[in-house]
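Colleague: First, the structure itself, so that you have it in front of you.
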Amino acid sequence: MHPEILRELSSQRGREMRDRAHRAAIVRIASRARRARRHGVAEADEFVVPAVPDYVDGSFRLHPADHRARGLRRP
């Protein structure tokens, strides 16, 4: 068989196996979640994103309304 055809068949098989493994992982995750809910294991319902500072020193940028309220000029 031509080397290009062999290479393509091998890569196709690899893609199919990765896809199959991915689907199996999703099924395992869903199964574990169902089992945890059944056994009453508490889990967080939503992910809370922590505040990310705007500047390196850890401070946050003031919004324009904050500038007016504090009597500061806009930078």
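By order in the structure tokens, chains are A, B, ...; within a chain, residues start at 1; ligands start at 1, following the order shown.
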Just list the residues in segment 14-43 of chain A DSSP gives alpha helix (DSSP H) on the backbone, as a list in words.
Modeller: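 Those residues are Gly14, Arg15, Glu16, Met17, Arg18, Asp19, Arg20, Ala21, His22, Arg23, Ala24, Ala25, Ile26, Val27, Arg28, Ile29, Ala30, Ser31, Arg32, Ala33, Arg34, Arg35, Ala36, Arg37 and Arg38 of chain A.
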Colleague: What gap, in Å, lies between atom CA of Arg7 of chain A and atom CA of Ala24 of chain A?
Modeller: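 If I compute the distance from atom CA of Arg7 of chain A to atom CA of Ala24 of chain A, I get 25.7 Å.
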Colleague: If you measure from atom CA of His22 of chain A to atom CA of Arg38 of chain A, what distance in Å do you get, rounded to one decimal?
Modeller: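 Separation of atom CA of His22 of chain A and atom CA of Arg38 of chain A: 24.5 Å.
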